[in-house]
file entry_11.cif (mmCIF, C-alpha atoms)
data_query
#
loop_
_atom_site.label_atom_id
_atom_site.label_comp_id
_atom_site.auth_asym_id
_atom_site.auth_seq_id
_atom_site.Cartn_x
_atom_site.Cartn_y
_atom_site.Cartn_z
CA MET Y 624 -27.55 17.08 -36.69
CA THR Y 625 -27.42 13.36 -35.96
CA PRO Y 626 -30.10 12.45 -33.39
CA ARG Y 627 -28.85 11.15 -30.06
CA PRO Y 628 -29.66 7.51 -29.29
CA ALA Y 629 -32.33 7.01 -26.66
CA PRO Y 630 -30.93 6.03 -23.23
CA ARG Y 631 -31.57 2.51 -21.98
CA ARG Y 632 -33.54 1.92 -18.81
CA THR Y 633 -32.20 0.01 -15.82
CA ALA Y 634 -34.28 -2.35 -13.63
CA ARG Y 635 -35.17 0.59 -11.32
CA GLY Y 636 -36.21 2.82 -14.22
CA ALA Y 637 -33.21 5.20 -14.24
CA ALA Y 638 -31.77 6.32 -17.57
CA ARG Y 639 -28.60 4.54 -18.51
CA ALA Y 640 -26.44 5.60 -21.43
CA PRO Y 641 -25.87 2.91 -24.09
CA VAL Y 642 -22.30 2.30 -25.16
CA LEU Y 643 -21.56 3.43 -28.69
CA LEU Y 644 -18.13 1.85 -29.00
CA HIS Y 645 -16.61 -0.85 -26.82
CA ASP Y 646 -12.94 -1.61 -26.98
CA ASP Y 647 -11.48 -3.09 -23.79
CA ARG Y 648 -9.02 -0.19 -23.53
CA ARG Y 649 -11.33 2.48 -25.00
CA ARG Y 650 -15.01 3.17 -24.30
CA THR Y 651 -17.10 5.99 -25.71
CA PHE Y 652 -20.44 6.94 -24.16
CA PRO Y 653 -23.07 9.11 -25.90
CA PRO Y 654 -24.13 12.44 -24.36
CA LEU Y 655 -25.92 11.93 -21.06
CA PRO Y 656 -29.34 13.54 -20.63
CA PRO Y 657 -29.70 16.51 -18.26
CA ALA Y 658 -29.43 15.58 -14.58
CA THR Y 659 -32.84 14.97 -12.98
CA ARG Y 660 -32.00 14.05 -9.36
CA GLU Y 661 -34.06 16.13 -6.97
CA ASP Y 662 -31.14 16.63 -4.57
CA GLY Y 663 -28.96 17.99 -7.40
CA ALA Y 664 -26.25 15.40 -6.76
CA PHE Y 665 -24.31 13.91 -9.66
CA ALA Y 666 -23.35 10.67 -7.89
CA ALA Y 667 -25.32 8.10 -5.91
CA THR Y 668 -22.60 5.53 -5.11
CA TRP Y 669 -19.81 5.98 -2.60
CA TRP Y 670 -17.15 5.70 -5.33
CA GLY Y 671 -18.95 8.24 -7.53
CA ASN Y 672 -19.08 10.67 -4.61
CA ALA Y 673 -15.34 10.08 -3.98
CA TRP Y 674 -14.70 11.14 -7.59
CA VAL Y 675 -16.76 14.34 -7.13
CA ALA Y 676 -15.02 15.06 -3.81
CA ALA Y 677 -11.57 14.79 -5.45
CA LEU Y 678 -12.66 17.42 -8.00
CA GLU Y 679 -14.22 19.81 -5.50
CA GLU Y 680 -11.33 19.58 -3.01
CA THR Y 681 -8.87 20.49 -5.80
CA ALA Y 682 -10.83 23.38 -7.35
CA LEU Y 683 -9.34 26.84 -6.79
CA ASP Y 684 -12.43 28.84 -7.79
CA PRO Y 685 -15.87 27.84 -6.41
CA ALA Y 686 -17.57 30.10 -8.98
CA ARG Y 687 -16.09 28.22 -11.94
CA LEU Y 688 -16.98 24.96 -10.23
CA ALA Y 689 -20.60 26.06 -9.85
CA ARG Y 690 -20.81 27.06 -13.53
CA GLY Y 691 -19.35 23.70 -14.56
CA ARG Y 692 -21.93 21.94 -12.39
CA ALA Y 693 -24.70 23.93 -14.12
CA TYR Y 694 -23.28 23.05 -17.57
CA ALA Y 695 -23.30 19.36 -16.67
CA GLY Y 696 -26.80 19.57 -15.23
CA ARG Y 697 -28.08 21.06 -18.51
CA GLY Y 698 -26.51 18.25 -20.57
CA LEU Y 699 -23.95 20.42 -22.40
CA VAL Y 700 -21.27 17.68 -22.36
CA ASP Y 701 -21.04 15.69 -25.60
CA ALA Y 702 -19.94 12.04 -25.95
CA ILE Y 703 -17.38 11.03 -23.31
CA THR Y 704 -14.38 8.85 -24.26
CA VAL Y 705 -12.53 6.96 -21.52
CA THR Y 706 -9.06 5.49 -22.01
CA PRO Y 707 -6.37 4.56 -19.46
CA GLY Y 708 -5.41 7.73 -17.61
CA ARG Y 709 -7.70 10.05 -19.58
CA VAL Y 710 -11.35 11.18 -19.87
CA THR Y 711 -12.16 13.38 -22.87
CA ALA Y 712 -15.27 15.14 -24.25
CA TYR Y 713 -16.37 18.24 -26.16
CA VAL Y 714 -18.29 20.70 -23.96
CA HIS Y 715 -20.57 23.38 -25.36
CA GLY Y 716 -20.03 26.88 -24.04
CA SER Y 717 -20.93 30.42 -25.08
CA ARG Y 718 -19.62 30.09 -28.62
CA ALA Y 719 -20.95 27.91 -31.42
CA ARG Y 720 -17.90 25.63 -31.55
CA PRO Y 721 -17.50 23.43 -28.45
CA TYR Y 722 -14.30 23.22 -26.40
CA ARG Y 723 -12.28 20.02 -25.97
CA ALA Y 724 -11.97 19.23 -22.25
CA GLN Y 725 -10.14 16.37 -20.61
CA ILE Y 726 -9.33 14.97 -17.17
CA ARG Y 727 -6.04 13.12 -16.68
CA LEU Y 728 -5.18 10.80 -13.79
CA ARG Y 729 -2.45 8.31 -12.97
CA VAL Y 730 -2.82 4.68 -14.10
CA LEU Y 731 -2.05 1.96 -11.55
CA GLY Y 732 1.17 -0.03 -11.88
CA ASP Y 733 1.33 -3.78 -12.43
CA ASP Y 734 2.08 -4.41 -8.73
CA ASP Y 735 -1.02 -2.48 -7.67
CA TRP Y 736 -3.17 -4.45 -10.11
CA GLU Y 737 -1.72 -7.76 -8.90
CA THR Y 738 -2.59 -6.80 -5.32
CA PHE Y 739 -6.12 -5.82 -6.34
CA LEU Y 740 -6.78 -8.96 -8.41
CA ASP Y 741 -5.32 -11.36 -5.81
CA ALA Y 742 -7.49 -9.84 -3.08
CA ALA Y 743 -10.63 -10.02 -5.25
CA ALA Y 744 -10.01 -13.65 -6.28
CA ASP Y 745 -9.44 -14.74 -2.67
CA ARG Y 746 -13.04 -13.86 -1.73
CA PRO Y 747 -16.04 -15.04 -3.79
CA ASP Y 748 -18.18 -12.26 -2.31
CA HIS Y 749 -15.81 -9.68 -3.79
CA ILE Y 750 -16.12 -11.26 -7.24
CA ALA Y 751 -19.93 -11.34 -6.88
CA ALA Y 752 -19.93 -7.66 -5.90
CA LEU Y 753 -17.86 -6.69 -8.96
CA LEU Y 754 -20.16 -8.67 -11.27
CA ASP Y 755 -23.07 -6.84 -9.62
CA LYS Y 756 -21.44 -3.50 -10.51
CA ASP Y 757 -20.45 -2.76 -6.92
CA VAL Y 758 -17.03 -1.86 -5.48
CA PRO Y 759 -16.26 -3.28 -2.01
CA HIS Y 760 -14.54 -0.76 0.25
CA ALA Y 761 -11.88 -3.33 1.20
CA LEU Y 762 -10.77 -3.72 -2.44
CA ALA Y 763 -10.65 0.01 -3.12
CA ASP Y 764 -8.58 0.63 0.02
CA LEU Y 765 -5.82 -1.79 -1.08
CA THR Y 766 -4.64 0.52 -3.87
CA ASP Y 767 -5.07 4.13 -4.93
CA LEU Y 768 -8.06 3.11 -7.03
CA LEU Y 769 -10.16 6.13 -6.03
CA PRO Y 770 -8.82 9.62 -6.69
CA HIS Y 771 -7.87 11.99 -3.89
CA ALA Y 772 -7.44 15.74 -3.87
CA GLY Y 773 -4.92 16.66 -6.58
CA ASP Y 774 -5.18 13.34 -8.49
CA LEU Y 775 -7.48 14.74 -11.20
CA ILE Y 776 -5.63 17.05 -13.63
CA PRO Y 777 -8.03 19.12 -15.81
CA ASP Y 778 -7.23 20.60 -19.22
CA CYS Y 779 -9.31 22.45 -21.83
CA SER Y 780 -8.91 24.16 -25.18
CA CYS Y 781 -10.74 27.29 -23.92
CA PRO Y 782 -8.73 30.47 -23.05
CA ASP Y 783 -9.70 30.26 -19.36
CA ASP Y 784 -6.74 29.21 -17.19
CA GLY Y 785 -8.88 28.32 -14.18
CA PHE Y 786 -8.14 25.09 -12.31
CA PRO Y 787 -10.46 23.67 -13.41
CA CYS Y 788 -12.30 25.78 -15.96
CA LYS Y 789 -16.06 25.36 -16.13
CA HIS Y 790 -15.83 23.04 -19.17
CA ALA Y 791 -13.44 20.59 -17.49
CA ALA Y 792 -15.53 20.75 -14.30
CA ALA Y 793 -18.68 19.90 -16.29
CA LEU Y 794 -16.91 16.89 -17.82
CA CYS Y 795 -15.80 15.70 -14.37
CA TYR Y 796 -19.33 15.93 -12.96
CA GLN Y 797 -20.77 13.96 -15.90
CA ALA Y 798 -18.04 11.33 -15.52
CA ALA Y 799 -19.29 10.69 -11.97
CA ARG Y 800 -22.63 9.58 -13.45
CA LEU Y 801 -20.81 7.06 -15.67
CA LEU Y 802 -18.97 5.67 -12.64
CA ASP Y 803 -22.31 5.22 -10.83
CA GLU Y 804 -23.62 3.06 -13.66
CA ASP Y 805 -20.51 0.93 -14.18
CA PRO Y 806 -17.48 0.96 -11.83
CA PHE Y 807 -15.48 -0.84 -14.52
CA THR Y 808 -15.26 2.61 -16.12
CA LEU Y 809 -13.16 3.66 -13.12
CA PHE Y 810 -10.96 0.59 -13.56
CA LEU Y 811 -10.43 1.56 -17.21
CA MET Y 812 -9.40 5.07 -16.13
CA ARG Y 813 -6.80 3.43 -13.90
CA GLY Y 814 -5.42 1.29 -16.73
CA ARG Y 815 -7.29 -2.04 -17.10
CA GLY Y 816 -10.34 -2.90 -19.24
CA GLU Y 817 -13.34 -4.91 -18.03
CA GLN Y 818 -12.64 -8.05 -20.08
CA GLU Y 819 -8.97 -8.00 -19.02
CA ILE Y 820 -9.96 -7.82 -15.33
CA LEU Y 821 -12.62 -10.54 -15.60
CA ALA Y 822 -10.22 -12.83 -17.46
CA ALA Y 823 -7.58 -12.35 -14.76
CA LEU Y 824 -10.12 -13.08 -12.01
CA SER Y 825 -11.32 -16.20 -13.86
CA HIS Y 826 -7.74 -17.46 -14.21
CA ARG Y 827 -7.03 -16.91 -10.51
CA SER Y 828 -10.28 -18.61 -9.46
CA ALA Y 829 -9.48 -21.64 -11.61
CA ALA Y 830 -6.00 -21.83 -10.09
CA HIS Y 831 -7.47 -21.72 -6.57
CA SER Y 832 -9.94 -24.48 -7.43
CA ALA Y 833 -7.22 -26.67 -8.93
CA ALA Y 834 -5.06 -26.23 -5.83
CA GLU Y 835 -7.96 -27.23 -3.58
CA ASN Y 836 -8.81 -30.29 -5.68
CA THR Y 837 -5.22 -31.58 -5.89
CA ALA Y 838 -4.47 -31.40 -2.17
CA ALA Y 839 -3.97 -34.97 -0.91
CA PRO Y 840 -6.38 -35.88 1.94
CA PRO Y 841 -4.81 -37.16 5.17
CA PRO Y 842 -4.80 -40.95 5.69
CA VAL Y 843 -7.93 -42.32 7.38
CA PRO Y 844 -7.72 -45.13 9.95
CA THR Y 845 -9.64 -48.22 8.81
CA VAL Y 846 -10.97 -51.49 10.17
CA PRO Y 847 -11.48 -54.62 8.00
CA ALA Y 848 -15.17 -55.32 7.42
CA ARG Y 849 -14.89 -58.87 8.84
CA ALA Y 850 -13.30 -57.54 12.02
CA ALA Y 851 -16.01 -54.91 12.38
CA VAL Y 852 -18.77 -57.56 12.11
CA THR Y 853 -17.22 -60.26 14.26
CA ALA Y 854 -15.36 -58.19 16.82
CA THR Y 855 -16.26 -58.25 20.49
CA PRO Y 856 -17.41 -55.00 22.11
CA ALA Y 857 -13.79 -54.44 23.21
CA VAL Y 858 -12.86 -53.48 19.63
CA VAL Y 859 -13.48 -49.76 19.13
CA LEU Y 860 -14.30 -48.55 15.65
CA PRO Y 861 -12.44 -45.47 14.38
CA PRO Y 862 -14.14 -42.14 15.09
CA PRO Y 863 -16.39 -40.62 12.42
CA LEU Y 864 -14.69 -38.57 9.78
CA PRO Y 865 -14.64 -34.84 10.56
CA PRO Y 866 -17.01 -32.76 8.47
CA PRO Y 867 -15.42 -30.78 5.65
CA ALA Y 868 -14.68 -27.12 6.29
CA HIS Y 869 -16.86 -25.97 3.38
CA PRO Y 870 -19.67 -27.43 1.24
CA GLY Y 871 -18.53 -29.25 -1.89
CA ARG Y 872 -18.54 -27.57 -5.30
CA PRO Y 873 -21.28 -28.64 -7.74
CA PRO Y 874 -20.24 -30.21 -11.05
CA ALA Y 875 -20.41 -28.29 -14.31
CA TYR Y 876 -23.70 -28.83 -16.15
CA PRO Y 877 -23.43 -28.43 -19.94
CA GLU Y 878 -26.24 -27.07 -22.04
CA ALA Y 879 -28.01 -29.72 -24.12
CA PRO Y 880 -31.26 -29.85 -26.09
CA ASP Y 881 -34.29 -30.74 -23.93
CA ALA Y 882 -32.05 -30.79 -20.82
CA PRO Y 883 -32.85 -28.78 -17.68
CA ASP Y 884 -31.45 -25.26 -17.46
CA PRO Y 885 -27.76 -25.48 -16.36
CA LEU Y 886 -28.14 -22.41 -14.13
CA ALA Y 887 -31.11 -23.98 -12.32
CA LEU Y 888 -29.26 -27.28 -11.85
CA GLU Y 889 -26.16 -25.53 -10.51
CA LEU Y 890 -28.27 -23.42 -8.15
CA LEU Y 891 -30.14 -26.45 -6.78
CA ALA Y 892 -26.94 -28.50 -6.36
CA THR Y 893 -25.20 -25.64 -4.56
CA GLU Y 894 -28.18 -25.15 -2.25
CA ALA Y 895 -28.40 -28.87 -1.47
CA ALA Y 896 -24.69 -29.03 -0.62
CA ALA Y 897 -24.89 -25.95 1.60
CA ARG Y 898 -27.96 -27.25 3.47
CA ALA Y 899 -26.41 -30.70 3.94
CA HIS Y 900 -23.20 -29.18 5.27
CA THR Y 901 -25.09 -26.97 7.74
CA HIS Y 902 -27.22 -29.89 8.90
CA LEU Y 903 -24.14 -32.09 9.32
CA THR Y 904 -22.17 -29.52 11.33
CA THR Y 905 -24.98 -27.98 13.43
CA GLY Y 906 -27.79 -30.53 13.42
CA HIS Y 907 -30.12 -27.77 12.23
CA ASP Y 908 -31.60 -27.02 8.81
CA PRO Y 909 -32.18 -23.24 8.63
CA VAL Y 910 -34.28 -23.58 5.47
CA ALA Y 911 -36.77 -26.15 6.73
CA ALA Y 912 -38.96 -23.59 8.55
CA LEU Y 913 -39.22 -21.19 5.59
CA THR Y 914 -42.35 -20.85 3.47
CA PRO Y 915 -42.04 -21.45 -0.30
CA TRP Y 916 -42.11 -17.67 -0.87
CA GLN Y 917 -39.41 -17.01 1.75
CA ASP Y 918 -37.28 -19.78 0.25
CA ALA Y 919 -37.66 -18.33 -3.26
CA VAL Y 920 -36.61 -14.89 -2.01
CA ARG Y 921 -33.64 -16.43 -0.20
CA LEU Y 922 -32.53 -18.26 -3.36
CA ALA Y 923 -32.77 -15.12 -5.50
CA ALA Y 924 -30.98 -12.99 -2.88
CA ALA Y 925 -28.07 -15.44 -2.69
CA HIS Y 926 -27.46 -15.27 -6.46
CA PRO Y 927 -25.25 -12.37 -7.67
CA GLY Y 928 -26.52 -10.09 -10.38
CA SER Y 929 -29.69 -8.61 -8.81
CA GLY Y 930 -31.72 -9.68 -11.84
CA LEU Y 931 -29.65 -7.56 -14.27
CA THR Y 932 -28.05 -10.30 -16.38
CA ALA Y 933 -29.95 -12.57 -18.74
CA ALA Y 934 -29.38 -15.58 -16.47
CA THR Y 935 -30.62 -13.88 -13.32
CA ARG Y 936 -33.58 -12.33 -15.14
CA ALA Y 937 -34.63 -15.86 -16.13
CA LEU Y 938 -34.14 -17.01 -12.53
CA TYR Y 939 -36.30 -14.17 -11.17
CA ARG Y 940 -38.97 -14.85 -13.81
CA ASP Y 941 -39.20 -18.57 -13.07
CA LEU Y 942 -39.16 -18.20 -9.28
CA ALA Y 943 -41.82 -15.49 -9.38
CA ALA Y 944 -44.06 -17.43 -11.80
CA ALA Y 945 -43.88 -20.57 -9.63
CA LEU Y 946 -45.42 -18.63 -6.73
CA ASP Y 947 -47.86 -16.49 -8.75
CA ARG Y 948 -45.82 -13.34 -8.18
CA THR Y 949 -44.21 -10.84 -10.57
CA PRO Y 950 -40.46 -10.38 -11.06
CA ALA Y 951 -40.88 -6.86 -9.64
CA ASP Y 952 -42.42 -8.35 -6.46
CA LEU Y 953 -39.45 -10.70 -6.18
CA ALA Y 954 -36.88 -7.94 -6.80
CA ARG Y 955 -38.39 -5.82 -4.01
CA ALA Y 956 -38.50 -8.81 -1.66
CA VAL Y 957 -34.84 -9.62 -2.48
CA ALA Y 958 -33.87 -6.06 -1.50
CA ALA Y 959 -35.73 -6.51 1.83
CA TRP Y 960 -34.06 -9.91 2.43
CA ARG Y 961 -30.61 -8.48 1.79
CA GLN Y 962 -31.47 -5.66 4.15
CA GLY Y 963 -32.54 -7.84 7.10
CA GLY Y 964 -33.15 -11.50 6.18
CA PRO Y 965 -36.52 -13.02 7.21
CA ALA Y 966 -37.13 -10.11 9.59
CA GLY Y 967 -36.56 -7.63 6.75
CA LEU Y 968 -39.00 -9.51 4.50
CA ALA Y 969 -41.61 -9.46 7.28
CA VAL Y 970 -41.16 -5.69 7.64
CA LEU Y 971 -41.78 -5.29 3.89
CA GLU Y 972 -44.97 -7.37 3.81
CA GLU Y 973 -46.61 -7.16 7.27
CA PRO Y 974 -47.81 -3.82 8.68
CA TRP Y 975 -48.63 -4.07 12.41
CA ASP Y 976 -49.44 -1.90 15.41
CA PRO Y 977 -46.40 -1.65 17.71
CA PRO Y 978 -46.84 -1.01 21.45
CA ALA Y 979 -46.13 2.40 22.96
CA GLY Y 980 -42.48 3.14 23.68
CA PRO Y 981 -39.73 3.19 21.02
CA PHE Y 982 -42.22 3.92 18.24
CA ASP Y 983 -43.76 6.88 20.08
CA ARG Y 984 -40.32 8.31 20.87
CA ALA Y 985 -39.16 8.11 17.26
CA ARG Y 986 -40.98 11.19 15.90
CA PRO Y 987 -39.58 13.64 18.51
CA ALA Y 988 -36.10 12.15 17.96
CA LEU Y 989 -36.36 12.70 14.20
CA LEU Y 990 -37.59 16.29 14.65
CA ALA Y 991 -34.72 16.97 17.06
CA ALA Y 992 -32.29 15.75 14.38
CA ASP Y 993 -33.76 18.29 11.87
CA PHE Y 994 -35.48 15.66 9.75
CA PRO Y 995 -38.85 16.65 8.20
CA HIS Y 996 -42.21 15.82 9.71
CA PHE Y 997 -43.11 12.10 9.43
CA ARG Y 998 -46.71 10.85 9.17
CA PRO Y 999 -47.49 7.73 11.26
CA TRP Y 1000 -49.43 4.72 9.99
CA HIS Y 1001 -49.30 1.41 11.87
CA ASN Y 1002 -45.55 0.67 12.25
CA ARG Y 1003 -44.49 3.19 9.58
CA LEU Y 1004 -43.38 6.83 9.58
CA SER Y 1005 -43.42 8.49 6.15
CA THR Y 1006 -42.59 11.67 4.26
CA ALA Y 1007 -43.06 12.14 0.51
CA THR Y 1008 -39.82 10.28 -0.30
CA LEU Y 1009 -38.57 8.65 2.91
CA GLN Y 1010 -40.06 6.03 5.19
CA LEU Y 1011 -39.07 4.22 8.38
CA ARG Y 1012 -40.64 0.89 9.35
CA TYR Y 1013 -40.44 -0.49 12.88
CA GLY Y 1014 -39.87 -4.26 12.92
CA ARG Y 1015 -40.95 -6.81 15.49
CA ASP Y 1016 -37.24 -7.32 16.19
CA GLY Y 1017 -36.96 -3.79 17.62
CA LEU Y 1018 -35.04 -2.39 14.64
CA TRP Y 1019 -35.91 0.48 12.29
CA TYR Y 1020 -35.74 -0.26 8.54
CA GLY Y 1021 -35.25 2.52 5.95
CA TYR Y 1022 -37.25 2.81 2.73
CA GLU Y 1023 -37.27 5.36 -0.10
CA SER Y 1024 -39.55 6.26 -3.02
CA ASP Y 1025 -39.92 8.90 -5.70
CA ALA Y 1026 -42.24 11.70 -4.64
CA GLY Y 1027 -45.90 10.90 -5.30
CA CYS Y 1028 -45.23 7.29 -6.35
CA GLU Y 1029 -45.70 5.35 -3.10
CA ASP Y 1030 -43.22 2.84 -4.58
CA TRP Y 1031 -41.23 2.03 -1.44
CA TRP Y 1032 -37.90 0.20 -1.76
CA PRO Y 1033 -35.76 -1.00 1.18
CA GLY Y 1034 -32.43 0.73 1.66
CA GLY Y 1035 -29.71 1.28 4.22
CA THR Y 1036 -28.96 -0.83 7.29
CA PRO Y 1037 -31.46 -1.66 10.08
CA ASP Y 1038 -30.72 0.24 13.29
CA PRO Y 1039 -32.30 0.37 16.77
CA ASP Y 1040 -32.12 4.17 16.47
CA PRO Y 1041 -34.50 5.71 13.87
CA VAL Y 1042 -32.09 8.59 13.23
CA GLY Y 1043 -29.29 6.09 12.59
CA ALA Y 1044 -31.43 4.07 10.16
CA LEU Y 1045 -32.38 7.22 8.25
CA SER Y 1046 -28.80 8.53 8.19
CA GLY Y 1047 -27.62 5.18 6.79
CA LEU Y 1048 -30.27 5.43 4.07
CA LEU Y 1049 -29.29 8.97 3.05
CA GLY Y 1050 -25.52 8.32 3.17
CA PRO Y 1051 -22.85 10.73 4.40
#

call {"tool": "encode", "arguments": {"input": "entry_11.cif", "output": "structure tokens"}}
result
Amino acid sequence: MTPRPAPRRTARGAARAPVLLHDDRRRTFPPLPPATREDGAFAATWWGNAWVAALEETALDPARLARGRAYAGRGLVDAITVTPGRVTAYVHGSRARPYRAQIRLRVLGDDDWETFLDAAADRPDHIAALLDKDVPHALADLTDLLPHAGDLIPDCSCPDDGFPCKHAAALCYQAARLLDEDPFTLFLMRGRGEQEILAALSHRSAAHSAAENTAAPPPVPTVPARAAVTATPAVVLPPPLPPPAHPGRPPAYPEAPDAPDPLALELLATEAAARAHTHLTTGHDPVAALTPWQDAVRLAAAHPGSGLTAATRALYRDLAAALDRTPADLARAVAAWRQGGPAGLAVLEEPWDPPAGPFDRARPALLAADFPHFRPWHNRLSTATLQLRYGRDGLWYGYESDAGCEDWWPGGTPDPDPVGALSGLLGP
């Protein structure tokens, strides 16, 4: 038997299946290892859970669904092939020869894709989220991108006529893990490949930029220089020009031998333009009061990619080395900054003793909400895998870790209610 290739590791240490074949309209993934999540869930993202919900709401027999879930958890699903409108794999059952299972779903029409791409190109934060392997809710809601009950049509070569049979259910559960790792797999199921989508977004972004650059500016009133110098005080100079609505775009920096890194130059130019625009329009520089470490975390947090691409890994490495920190320190600090800005970073790095009041009322509130017992330490309440930290701003910040690791990572949204912060961390 041909040995299975070892799974790659992501930045957080989770196993990620390497792609065996990559065609923009056809992707084949090797067999995924057995599921190891302690909660038994097959999906961690909101779109992966939507996929699982569409399966479970359609199933006619909970017993077959449970057996399919067990098959997937034991890693009995072979390589998964994804093409537009179809997910296919061989699933091992009770006999020596595996069964061929598939899940079919409708591909989106051209009008739906045009709506999706136009909405994504109109907002740079949507493009950054897609590059960061995230799916904004607003984009998914524009079209029927996510399946609903009845959208997933199972089929299998086994004699069982269940809807779905356990083999098709196992394939559907394993497919949710692929969607967690790369939402572009979902886009391929709906009819468009990753390179096709990125090319369309690039074309639309270039068209938007060209339209902005070719717009003729309004005429500006002027005064001859001689008149401005020799005029009496009765002559009034024209008012100052209004500030632009947005910071200017940095130029393109080509790569050249012995030249500075183009990514670093673009990042610095973009930051300088944004700071100058803020100072011009508000009279305040929000970056001036930051420490070098806070400013490095802010820079890394503002750059899409979360340290996963080669460019952002180099950025994280250089920023961390400049301040005698490790890239892992910077990645954790970026997660805290994205969670709560400077206040979130302070919660990550500065334990303190809060006064009596909200902190003392938190433990009874958590027990009343059926959460497990939390151990107090300074401004923190902890279990083996969950932690709440009380900030000086009066908000609770959620953290999570693997059991026994004490490797706490920020998660969820800060909330004045500890139960709300913990519920946001755990998800629906």

call {"tool": "residues_around", "arguments": {"input": "entry_11.cif", "residues": "region 757-773 of chain Y", "least_positions_apart": "2", "cutoff": "10 Å", "atoms": "only C-alpha atoms", "output": "number ranges by chain"}}
result
Y: 668-671, 673-682, 728-732, 734-736, 738-743, 748-755, 775-776, 803-807, 809-810, 812-813

call {"tool": "atom_distance", "arguments": {"input": "entry_11.cif", "atom1": "CA of Thr901 (chain Y)", "atom2": "CA of Glu973 (chain Y)"}}
result
29.3 Å

call {"tool": "closest_residue", "arguments": {"input": "entry_11.cif", "among": "Y:Leu801, Y:Leu811, Y:Ala945, Y:Leu1011", "to": "Gly1035 (chain Y)", "atoms": "all atoms listed in the file"}}
result
Y:Leu1011

call {"tool": "residues_around", "arguments": {"input": "entry_11.cif", "residues": "region 911-918 of chain Y", "least_positions_apart": "3", "cutoff": "12 Å", "atoms": "all atoms listed in the file", "output": "number ranges by chain"}}
result
Y: 894, 898-899, 901-902, 907-908, 921-925, 942-948, 952-953, 956-957, 959-960, 964-969, 972

call {"tool": "atom_distance", "arguments": {"input": "entry_11.cif", "atom1": "CA of His900 (chain Y)", "atom2": "CA of Pro866 (chain Y)"}}
result
7.8 Å

call {"tool": "residues_around", "arguments": {"input": "entry_11.cif", "residues": "Cys779 (chain Y)", "least_positions_apart": "2", "cutoff": "6 Å", "atoms": "all atoms listed in the file", "output": "list in words"}}
result
Arg723, Ala724 and Cys781 of chain Y

call {"tool": "closest_residue", "arguments": {"input": "entry_11.cif", "among": "Y:Gly696, Y:Pro883, Y:Pro909, Y:Gly1017", "to": "Pro656 (chain Y)", "atoms": "all atoms listed in the file"}}
result
Y:Gly696

call {"tool": "atom_distance", "arguments": {"input": "entry_11.cif", "atom1": "CA of Asp983 (chain Y)", "atom2": "CA of Thr1036 (chain Y)"}}
result
21.0 Å

call {"tool": "residues_around", "arguments": {"input": "entry_11.cif", "residues": "Pro777 (chain Y)", "least_positions_apart": "2", "cutoff": "9 Å", "atoms": "all atoms listed in the file", "output": "JSON, numbers by chain"}}
result
{"Y": [724, 725, 726, 727, 775, 779, 786, 787, 788, 791, 792, 795]}

call {"tool": "closest_residue", "arguments": {"input": "entry_11.cif", "among": "Y:Asn1002, Y:Gln962, Y:Thr808, Y:Gln797", "to": "Gly691 (chain Y)", "atoms": "all atoms listed in the file"}}
result
Y:Gln797

call {"tool": "residues_near_point", "arguments": {"input": "entry_11.cif", "point": "(-8.4, 0.6, -23.7)", "cutoff": "10 Å", "atoms": "all atoms listed in the file", "output": "list of chain:residue names"}}
result
Y:His645, Y:Asp646, Y:Asp647, Y:Arg648, Y:Arg649, Y:Arg650, Y:Val705, Y:Thr706, Y:Pro707, Y:Gly708, Y:Leu811, Y:Met812, Y:Gly814, Y:Arg815, Y:Gly816, Y:Glu817, Y:Glu819

call {"tool": "residues_around", "arguments": {"input": "entry_11.cif", "residues": "Glu1023 (chain Y)", "least_positions_apart": "6", "cutoff": "9 Å", "atoms": "only C-alpha atoms", "output": "PyMOL selection string"}}
result
chain Y and resi 1007-1011+1029-1034+1048

call {"tool": "closest_atom_pairs", "arguments": {"input": "entry_11.cif", "of": "region 694-759 of chain Y", "to": "region 652-655 of chain Y", "cutoff": "7 Å", "atoms": "all atoms listed in the file", "output": "JSON lines"}}
result
{"residue": "Y:Gly698", "atom": "CA", "partner": "Y:Leu655", "partner_atom": "CA", "distance": 6.4}
{"residue": "Y:Val700", "atom": "CA", "partner": "Y:Pro654", "partner_atom": "CA", "distance": 6.3}
{"residue": "Y:Asp701", "atom": "CA", "partner": "Y:Pro654", "partner_atom": "CA", "distance": 4.7}
{"residue": "Y:Ala702", "atom": "CA", "partner": "Y:Pro653", "partner_atom": "CA", "distance": 4.3}
{"residue": "Y:Ile703", "atom": "CA", "partner": "Y:Phe652", "partner_atom": "CA", "distance": 5.2}
{"residue": "Y:Thr704", "atom": "CA", "partner": "Y:Phe652", "partner_atom": "CA", "distance": 6.4}

call {"tool": "write_last_selection", "arguments": {"input": "entry_11.cif", "atoms": "C-alpha atoms", "output": "PDB file, keeping the file's coordinate frame"}}
result
ATOM      1  CA  GLY Y 698     -26.510  18.250 -20.570  1.00  0.00           C
ATOM      2  CA  VAL Y 700     -21.270  17.680 -22.360  1.00  0.00           C
ATOM      3  CA  ASP Y 701     -21.040  15.690 -25.600  1.00  0.00           C
ATOM      4  CA  ALA Y 702     -19.940  12.040 -25.950  1.00  0.00           C
ATOM      5  CA  ILE Y 703     -17.380  11.030 -23.310  1.00  0.00           C
ATOM      6  CA  THR Y 704     -14.380   8.850 -24.260  1.00  0.00           C
TER       7      THR Y 704
END

call {"tool": "closest_residue", "arguments": {"input": "entry_11.cif", "among": "Y:Pro877, Y:Pro862, Y:Pro981, Y:Gly963", "to": "Val846 (chain Y)", "atoms": "all atoms listed in the file"}}
result
Y:Pro862
